[in-house]
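All remarks here apply to the structure that follows.
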Amino acid sequence: MMLILRLALASLRSRLLTTALTVASIALSVTLLVGIETVRAGVRESFAGTIRGVDLIVGARGGTLQILLSSVFGIGSPAGSVKLSTMEHWAEHPAVKWVVPYSLGDSHRGFRVVGTSTEFYERYRYRQNNKIVFAAGRAAEADSEVVIGSEVAERLKYTVGTPVVVTHGLRDIGTSNHDAHPFHVVGVLQRTFTPIDRSVYVTLEGIEAMHEGTETAPPRVISPRPDSAPKRAAASRPAPGSKESIIEANKRRAAAVPVAPPPGTPMAMPGAEPPPGTPMVMPGASPPPAAATAPAQGAPLVMPGAEPPPAVMEQVNKAAEAARTAAAERRQQAAKPAPTAAAPADSAEEHHDHGDDQITAFFVGTKNRFEALMLQREMNTDLVEPLTAIIPGVALGELWQNIGSAEVGLRVIAMFAVAISITGMLVALYSSLEARRREMAILRAIGAGPRTIIALLVIESTMLAIIGCVIGVAAVYAGLALAQGPIEQRFGLHLALRALGQTEYIYLAIVIVSGMLIGFVPAWKAYRTTLVDGLSPRA
């Protein structure tokens, strides 16, 4: 057996270029196949490890993935906002252990600003139940303090004490700066390889204070010169006969036409004959004095061809008046702000119109994991405010189901690449037999049996497959080691260098077994034709 192995190695060395090209094609296909599976598993682990220890994420009524991606991963926009009083209400639920607010809507130089409480740094977990750790400073407590992630500090060169000005609006689409209320950095977080590294954290009081600063900022007023008013007025008038002047004239005529008919005008359906004796009145004209007089007390409104009794009309009028009164009361009741026990009646919140009593979502931790499903159902069916409560793990499973077809497509492409490389190896071995006819004939002549010839070619093909797999796996690890840092910087995904899993070993076994089986094809041809063709004069 060792003799056959040495012969196979010598044969591969003698055809070095063909061997190298065959091994390279197999290695590239294995790199693609194993690399796709490794990256897929790494992405899943990175996403799943982004948030731990949170039983429910509660946001405004919307899609499950929308709430998960916007609140945890900072992707997309949230579905809406939730009242702060709603979070306080659910915090008192017997099944709830803790709640953490999460407010979005502002940014700083492309990084999202998150309004939360100090409990966020204590309750939030990631990866293997790791806690958030401060690399420098402490948590934000005052309304002018911020905590930044490690990537924010690294890219912007921020340290503790650096001033920060927040922009209204999400990243890359900010509309205005909150210059009236600047912040300063009081803490820098250690790297977590999660979206936390790319976030800026402030307190809810800080969000309210910077909005109040924007609201109370004095408007900029430019006083016009006294002699410029007549010129501007003359310049604003359209030229006579122009399109603008005709539009203005039509607007003035339309405003002069009364909406309601003058008192005393009989009601008639459009196109119906007016009651006998009704004077013809042009639209917009005043009726004659006789027609303008109010009807006698108790005279009912008469529709053409109908004479309802006065009692019926009185009931109709009373019912209509009652409906209008009830509708007005409902509108007034809806316009009143909901009373809260935490704020006095004369607090500044009553006069704040920036929605600072609103948050984007809140995280919930339950006293018992089994109560999370019950609490989720209660929140989703709450009639006071429409909410959507999601379980992070279930939402991630839904995400993988949505992108599962893409994963299958990548796997199919990789399998086709492997099939092509194996076919290329078959072509290389089969075509090499033409140049190796004399070699095979000499082996047969010195006593090599059919098993020896078949074993020689099968071992060659198997060795090519094994060498290709080894080089392909080495290329995967080398690529991950080189691309790990840029991927973390660009996409925030931590692709850890881990050992091959069961799926990867199955793929490698399929490649090696396929290479071994492919070797039987040229071996069968060599066994049938070597002795005759190899020793003939034309060989």
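In the structure tokens, the first chain shown is A, the next is B, and so on; residue numbers restart at 1 for each chain, and ligands run from 1 in the order shown.
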With only C-alpha atoms counted and 7 Å as the cut-off, give the residues of stretch 369-488 of chain A in contact with stretch 15-35 of chain A, each with its shortest interatomic distance in Å and the pair that gives it, as a Markdown table.
```
| residue | atom | partner | partner_atom | distance |
| --- | --- | --- | --- | --- |
| A:Arg411 | CA | A:Leu33 | CA | 6.9 |
| A:Ala414 | CA | A:Leu33 | CA | 4.8 |
| A:Met415 | CA | A:Leu33 | CA | 6.8 |
| A:Ala417 | CA | A:Ser29 | CA | 5.3 |
| A:Val418 | CA | A:Ser29 | CA | 4.9 |
| A:Ser421 | CA | A:Ile26 | CA | 5.1 |
| A:Ile422 | CA | A:Ile26 | CA | 6.8 |
| A:Gly424 | CA | A:Thr22 | CA | 6.9 |
| A:Met425 | CA | A:Thr22 | CA | 5.7 |
| A:Leu464 | CA | A:Val23 | CA | 5.9 |
| A:Ala465 | CA | A:Ile26 | CA | 6.8 |
| A:Ile467 | CA | A:Val23 | CA | 6.7 |
| A:Gly468 | CA | A:Ala27 | CA | 4.3 |
| A:Cys469 | CA | A:Ala27 | CA | 5.7 |
| A:Ile471 | CA | A:Ala27 | CA | 5.6 |
| A:Gly472 | CA | A:Ala27 | CA | 4.2 |
| A:Val473 | CA | A:Thr31 | CA | 6.1 |
| A:Ala475 | CA | A:Thr31 | CA | 6.4 |
| A:Val476 | CA | A:Gly35 | CA | 5.6 |
```
Write out as a PDB file with C-alpha atoms, in the first residue's frame each polymer residue whose atoms come within 12 Å of A:Arg377, counting only C-alpha atoms; drop sequence neighbours fewer than 3 positions from it.
```pdb
ATOM      1  CA  LEU A  56     -40.099  41.641  25.743  1.00  0.00           C
ATOM      2  CA  VAL A  58     -42.725  46.825  23.443  1.00  0.00           C
ATOM      3  CA  GLU A 371     -45.022  34.761  32.198  1.00  0.00           C
ATOM      4  CA  ALA A 372     -43.572  36.519  29.145  1.00  0.00           C
ATOM      5  CA  LEU A 373     -46.075  34.891  26.759  1.00  0.00           C
ATOM      6  CA  MET A 374     -49.033  35.835  28.954  1.00  0.00           C
ATOM      7  CA  ASN A 380     -50.987  43.122  22.232  1.00  0.00           C
ATOM      8  CA  THR A 381     -54.705  43.078  23.080  1.00  0.00           C
ATOM      9  CA  ASP A 382     -54.656  46.226  25.223  1.00  0.00           C
ATOM     10  CA  LEU A 387     -49.013  48.182  21.315  1.00  0.00           C
ATOM     11  CA  THR A 388     -46.893  45.437  19.821  1.00  0.00           C
ATOM     12  CA  ALA A 389     -44.885  43.339  22.265  1.00  0.00           C
ATOM     13  CA  ILE A 390     -42.285  41.022  20.770  1.00  0.00           C
ATOM     14  CA  ILE A 391     -39.998  38.341  22.165  1.00  0.00           C
TER      15      ILE A 391
END
```
Test item: residues at most 12 Å from A:Met463, only C-alpha atoms, excluding those fewer than 4 positions along its chain, as a PDB file with N, CA and C atoms, in the first residue's frame:
```pdb
ATOM      1  N   LEU A   5       1.064   4.427  -2.651  1.00  0.00           N
ATOM      2  CA  LEU A   5       0.976   5.824  -2.208  1.00  0.00           C
ATOM      3  C   LEU A   5       2.154   6.641  -2.738  1.00  0.00           C
ATOM      4  N   ARG A   6       3.385   6.024  -2.705  1.00  0.00           N
ATOM      5  CA  ARG A   6       4.550   6.749  -3.223  1.00  0.00           C
ATOM      6  C   ARG A   6       4.439   6.949  -4.735  1.00  0.00           C
ATOM      7  N   ALA A   8       1.644   7.284  -6.375  1.00  0.00           N
ATOM      8  CA  ALA A   8       0.639   8.328  -6.603  1.00  0.00           C
ATOM      9  C   ALA A   8       1.237   9.709  -6.401  1.00  0.00           C
ATOM     10  N   LEU A   9       2.060   9.864  -5.341  1.00  0.00           N
ATOM     11  CA  LEU A   9       2.693  11.160  -5.093  1.00  0.00           C
ATOM     12  C   LEU A   9       3.670  11.518  -6.202  1.00  0.00           C
ATOM     13  N   SER A  11       3.522  10.504  -9.265  1.00  0.00           N
ATOM     14  CA  SER A  11       2.754  10.821 -10.465  1.00  0.00           C
ATOM     15  C   SER A  11       2.198  12.240 -10.416  1.00  0.00           C
ATOM     16  N   LEU A  12       1.719  12.663  -9.249  1.00  0.00           N
ATOM     17  CA  LEU A  12       1.183  14.025  -9.118  1.00  0.00           C
ATOM     18  C   LEU A  12       2.291  15.067  -9.267  1.00  0.00           C
ATOM     19  N   THR A  19      -1.762  19.312 -11.686  1.00  0.00           N
ATOM     20  CA  THR A  19      -2.144  19.059 -10.291  1.00  0.00           C
ATOM     21  C   THR A  19      -2.465  20.351  -9.558  1.00  0.00           C
ATOM     22  N   THR A  22      -5.842  21.784 -10.711  1.00  0.00           N
ATOM     23  CA  THR A  22      -6.958  20.984 -10.188  1.00  0.00           C
ATOM     24  C   THR A  22      -7.182  21.255  -8.702  1.00  0.00           C
ATOM     25  N   VAL A  23      -6.094  21.282  -7.941  1.00  0.00           N
ATOM     26  CA  VAL A  23      -6.213  21.565  -6.507  1.00  0.00           C
ATOM     27  C   VAL A  23      -6.762  22.970  -6.276  1.00  0.00           C
ATOM     28  N   ILE A  26     -10.565  23.011  -6.781  1.00  0.00           N
ATOM     29  CA  ILE A  26     -11.252  22.389  -5.649  1.00  0.00           C
ATOM     30  C   ILE A  26     -11.171  23.295  -4.420  1.00  0.00           C
ATOM     31  N   MET A 425     -11.715  18.032 -12.071  1.00  0.00           N
ATOM     32  CA  MET A 425     -10.734  17.031 -11.670  1.00  0.00           C
ATOM     33  C   MET A 425     -10.895  15.758 -12.495  1.00  0.00           C
ATOM     34  N   ALA A 455      -6.427   1.248  -7.642  1.00  0.00           N
ATOM     35  CA  ALA A 455      -6.079   1.917  -6.380  1.00  0.00           C
ATOM     36  C   ALA A 455      -5.184   3.120  -6.632  1.00  0.00           C
ATOM     37  N   LEU A 456      -4.272   3.028  -7.607  1.00  0.00           N
ATOM     38  CA  LEU A 456      -3.371   4.140  -7.897  1.00  0.00           C
ATOM     39  C   LEU A 456      -4.146   5.389  -8.326  1.00  0.00           C
ATOM     40  N   LEU A 457      -5.073   5.209  -9.276  1.00  0.00           N
ATOM     41  CA  LEU A 457      -5.822   6.370  -9.783  1.00  0.00           C
ATOM     42  C   LEU A 457      -6.838   6.883  -8.753  1.00  0.00           C
ATOM     43  N   VAL A 458      -7.443   5.989  -7.986  1.00  0.00           N
ATOM     44  CA  VAL A 458      -8.398   6.430  -6.963  1.00  0.00           C
ATOM     45  C   VAL A 458      -7.674   7.204  -5.864  1.00  0.00           C
ATOM     46  N   ILE A 459      -6.477   6.721  -5.485  1.00  0.00           N
ATOM     47  CA  ILE A 459      -5.711   7.434  -4.457  1.00  0.00           C
ATOM     48  C   ILE A 459      -5.292   8.807  -4.966  1.00  0.00           C
ATOM     49  N   ILE A 467      -6.253  17.557  -0.485  1.00  0.00           N
ATOM     50  CA  ILE A 467      -5.395  18.748  -0.502  1.00  0.00           C
ATOM     51  C   ILE A 467      -6.218  19.999  -0.806  1.00  0.00           C
ATOM     52  N   GLY A 468      -7.178  19.879  -1.746  1.00  0.00           N
ATOM     53  CA  GLY A 468      -8.044  21.024  -2.043  1.00  0.00           C
ATOM     54  C   GLY A 468      -8.881  21.444  -0.850  1.00  0.00           C
ATOM     55  N   CYS A 469      -9.396  20.466  -0.092  1.00  0.00           N
ATOM     56  CA  CYS A 469     -10.202  20.800   1.100  1.00  0.00           C
ATOM     57  C   CYS A 469      -9.354  21.493   2.163  1.00  0.00           C
ATOM     58  N   VAL A 470      -8.136  20.984   2.378  1.00  0.00           N
ATOM     59  CA  VAL A 470      -7.266  21.592   3.391  1.00  0.00           C
ATOM     60  C   VAL A 470      -6.942  23.039   3.018  1.00  0.00           C
ATOM     61  N   VAL A 511     -17.206  16.329  -0.433  1.00  0.00           N
ATOM     62  CA  VAL A 511     -16.207  16.661  -1.447  1.00  0.00           C
ATOM     63  C   VAL A 511     -15.171  15.541  -1.564  1.00  0.00           C
ATOM     64  N   ILE A 512     -14.686  15.031  -0.430  1.00  0.00           N
ATOM     65  CA  ILE A 512     -13.655  13.988  -0.466  1.00  0.00           C
ATOM     66  C   ILE A 512     -14.203  12.687  -1.057  1.00  0.00           C
ATOM     67  N   VAL A 513     -15.409  12.306  -0.638  1.00  0.00           N
ATOM     68  CA  VAL A 513     -16.001  11.072  -1.181  1.00  0.00           C
ATOM     69  C   VAL A 513     -16.276  11.223  -2.673  1.00  0.00           C
ATOM     70  N   SER A 514     -16.718  12.421  -3.091  1.00  0.00           N
ATOM     71  CA  SER A 514     -16.957  12.635  -4.521  1.00  0.00           C
ATOM     72  C   SER A 514     -15.661  12.529  -5.303  1.00  0.00           C
ATOM     73  N   GLY A 515     -14.577  13.090  -4.760  1.00  0.00           N
ATOM     74  CA  GLY A 515     -13.287  12.959  -5.436  1.00  0.00           C
ATOM     75  C   GLY A 515     -12.830  11.518  -5.533  1.00  0.00           C
ATOM     76  N   MET A 516     -13.084  10.732  -4.483  1.00  0.00           N
ATOM     77  CA  MET A 516     -12.681   9.324  -4.520  1.00  0.00           C
ATOM     78  C   MET A 516     -13.506   8.561  -5.561  1.00  0.00           C
ATOM     79  N   ILE A 518     -14.919   9.754  -8.198  1.00  0.00           N
ATOM     80  CA  ILE A 518     -14.554  10.211  -9.533  1.00  0.00           C
ATOM     81  C   ILE A 518     -13.330   9.454 -10.042  1.00  0.00           C
ATOM     82  N   GLY A 519     -12.435   9.034  -9.131  1.00  0.00           N
ATOM     83  CA  GLY A 519     -11.226   8.320  -9.541  1.00  0.00           C
ATOM     84  C   GLY A 519     -11.502   6.974 -10.167  1.00  0.00           C
TER      85      GLY A 519
END
```
Let me make sure I understand: among A:Gly80, A:Pro163, A:Gly115, A:Gly149, which one has the smallest atom-to-atom distance to A:Gly62 if we use only C-alpha atoms?
A:Gly80
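Residues in contact with stretch 126-137 of chain A at up to 7 Å, not including ones fewer than 5 positions away on its chain and judged by only C-alpha atoms, are A:Gly49, A:Thr50, A:Ile51, A:Arg52, A:Tyr121, A:Val160, A:Val186, A:Gly187, A:Val188, A:Leu189, A:Gln190.
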Grab the residues selected above and save them as a CSV table (one decimal), in the first residue's frame with N, CA and C atoms.
```csv
chain,number,residue,atom,x,y,z
A,49,GLY,N,-26.7,37.3,19.7
A,49,GLY,CA,-26.0,37.8,20.9
A,49,GLY,C,-26.0,39.3,21.1
A,50,THR,N,-26.7,40.0,20.2
A,50,THR,CA,-26.8,41.4,20.4
A,50,THR,C,-27.6,41.8,21.6
A,51,ILE,N,-28.7,41.1,22.0
A,51,ILE,CA,-29.5,41.4,23.1
A,51,ILE,C,-29.8,40.1,23.9
A,52,ARG,N,-29.5,40.2,25.2
A,52,ARG,CA,-29.8,39.1,26.1
A,52,ARG,C,-30.5,39.6,27.3
A,121,TYR,N,-27.9,50.4,31.6
A,121,TYR,CA,-26.5,49.9,31.7
A,121,TYR,C,-26.5,48.7,32.7
A,160,VAL,N,-13.8,61.8,27.5
A,160,VAL,CA,-14.6,62.3,28.6
A,160,VAL,C,-14.4,63.9,28.7
A,186,VAL,N,-19.6,62.1,29.5
A,186,VAL,CA,-19.2,61.7,30.8
A,186,VAL,C,-18.8,60.2,30.9
A,187,GLY,N,-19.0,59.5,29.8
A,187,GLY,CA,-18.6,58.1,29.9
A,187,GLY,C,-18.4,57.5,28.5
A,188,VAL,N,-17.5,56.6,28.4
A,188,VAL,CA,-17.2,55.8,27.1
A,188,VAL,C,-17.3,54.4,27.4
A,189,LEU,N,-18.1,53.6,26.6
A,189,LEU,CA,-18.3,52.2,26.8
A,189,LEU,C,-17.2,51.4,26.2
A,190,GLN,N,-17.0,50.2,26.8
A,190,GLN,CA,-16.1,49.3,26.2
A,190,GLN,C,-16.7,48.6,24.9
```
Atom pair atom CA of A:Glu385 / atom CA of A:Val113: separation (Å):
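Separation of atom CA of A:Glu385 and atom CA of A:Val113: 25.4 Å.
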I want to know what sits within 12 Å of A:Arg498, based on only C-alpha atoms, with residues of the same chain fewer than 3 positions away left out; could you give that as a list in words?
Thr38, Val39, Ala41, Gly42, Glu45, Val476, Tyr477, Leu480, Ala481, His494, Leu495, Gly501 and Glu504 of chain A
Quick check for you: according to DSSP on this backbone, which residues of stretch 470-509 of chain A are classed as alpha helix (DSSP H)? Reply as a PyMOL selection string.
chain A and resi 470-491+502-509
Have a look at atom CA of A:Glu151 and atom CA of A:Ile487 and let me know their distance in Å, one decimal.
13.0 Å
Just to confirm, what's the straight-line distance from atom CA of A:Asn177 to atom CA of A:His211 in Å (one decimal)?
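Computing the Euclidean distance for atom CA of A:Asn177 and atom CA of A:His211 yields 10.4 Å.
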I'd like the contact shell of A:Val96 - 6 Å cut-off, only C-alpha atoms, skipping same-chain residues fewer than 3 positions apart - returned as a PDB file with N, CA, C and O atoms, in the first residue's frame.
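Below is the file that was written, around30.pdb:
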```pdb
ATOM      1  N   HIS A  93     -47.278  46.067  36.581  1.00  0.00           N
ATOM      2  CA  HIS A  93     -47.889  44.748  36.388  1.00  0.00           C
ATOM      3  C   HIS A  93     -47.213  43.729  37.307  1.00  0.00           C
ATOM      4  O   HIS A  93     -46.001  43.766  37.504  1.00  0.00           O
ATOM      5  N   THR A 366     -39.276  40.143  32.913  1.00  0.00           N
ATOM      6  CA  THR A 366     -40.329  39.541  33.723  1.00  0.00           C
ATOM      7  C   THR A 366     -39.718  38.799  34.912  1.00  0.00           C
ATOM      8  O   THR A 366     -38.539  38.416  34.894  1.00  0.00           O
ATOM      9  N   LYS A 367     -40.544  38.592  35.913  1.00  0.00           N
ATOM     10  CA  LYS A 367     -40.098  37.850  37.085  1.00  0.00           C
ATOM     11  C   LYS A 367     -39.917  36.370  36.788  1.00  0.00           C
ATOM     12  O   LYS A 367     -39.130  35.687  37.434  1.00  0.00           O
TER      13      LYS A 367
END
```
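Among the candidates A:Ile510, A:Gly169, A:Gly365, A:Ser431, the one nearest to A:Ile466 when counting only C-alpha atoms is A:Ile510.
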